[in-house]
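Reading through the structure tokens given below for one structure.
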Amino acid sequence: MRSKTEVTREIRALVQDRIAAGVIVRVDWFTAEILAMKSRIEGEDADFYLACGADVIRDTVKRCIGDYEPQATTSAQLVMDGFDHLQKAYTVDREGERVLVPVDLLTDVEIEGRAAELDDMARGCIHHAHELRGYQRARAAA
């Protein structure tokens, strides 16, 4: 029996393979693809286990795609060779769906939108740091 950690590791590797191949990852399509790869479920309880498996796989795919959402620091394995921060892929909204898109397939508008979001995050982090230091000073004065 495989652990949930092993399943997550396998799905994360499959996502990375898709990105390296220049393939856009859509949660529902990718979930269906994984379920098709792991379809040897038999017996009268098969429908039950397929339904449960679909939910677990979909949630795991969403979490793995979520690794590519903007963060203050980026995992080294997500960064393109030759860069310090530029990721191999980014999540964007396309046609009302959140998808993971290899950076080479992003439109200029999507790139600018992601850059603006990171600018906003940076400003928020700076304000957060100022408030922490202000709290520290006020607490020391009290």
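Going by the structure tokens order, chains are called A, B, ..., each with residues numbered from 1, while ligands are numbered from 1 in the order shown.
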All residues 8 Å or closer to A:His85, only C-alpha atoms, same chain fewer than 2 positions away omitted, as a PyMOL selection string: chain A and resi 73-74+79-80+83+87
Taking only residues of stretch 67-117 of chain A that have an atom at most 10 Å from an atom of stretch 60-63 of chain A, what is each one's shortest atom pair and its distance in Å to one decimal, using only C-alpha atoms, in chain and number order, as JSON lines?
```
{"residue": "A:Asp67", "atom": "CA", "partner": "A:Arg63", "partner_atom": "CA", "distance": 6.6}
{"residue": "A:Tyr68", "atom": "CA", "partner": "A:Arg63", "partner_atom": "CA", "distance": 9.3}
{"residue": "A:Glu69", "atom": "CA", "partner": "A:Arg63", "partner_atom": "CA", "distance": 10.0}
{"residue": "A:Arg98", "atom": "CA", "partner": "A:Lys62", "partner_atom": "CA", "distance": 9.4}
{"residue": "A:Val99", "atom": "CA", "partner": "A:Lys62", "partner_atom": "CA", "distance": 9.6}
{"residue": "A:Leu100", "atom": "CA", "partner": "A:Lys62", "partner_atom": "CA", "distance": 9.9}
```
Counting only C-alpha atoms, the residue of A:Met37, A:Val103, A:Val56, A:Ile126 that sits nearest A:Ala72: A:Ile126
Pick from A:Ile57, A:Ala138, A:Ala20, A:Val15 nearest to A:Asp81, counting only C-alpha atoms: A:Ala20
Separation of atom CA of A:His130 from atom CA of A:Ala76 in Å: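 We find that atom CA of A:Ala76 and atom CA of A:His130 lie 28.3 Å from each other.
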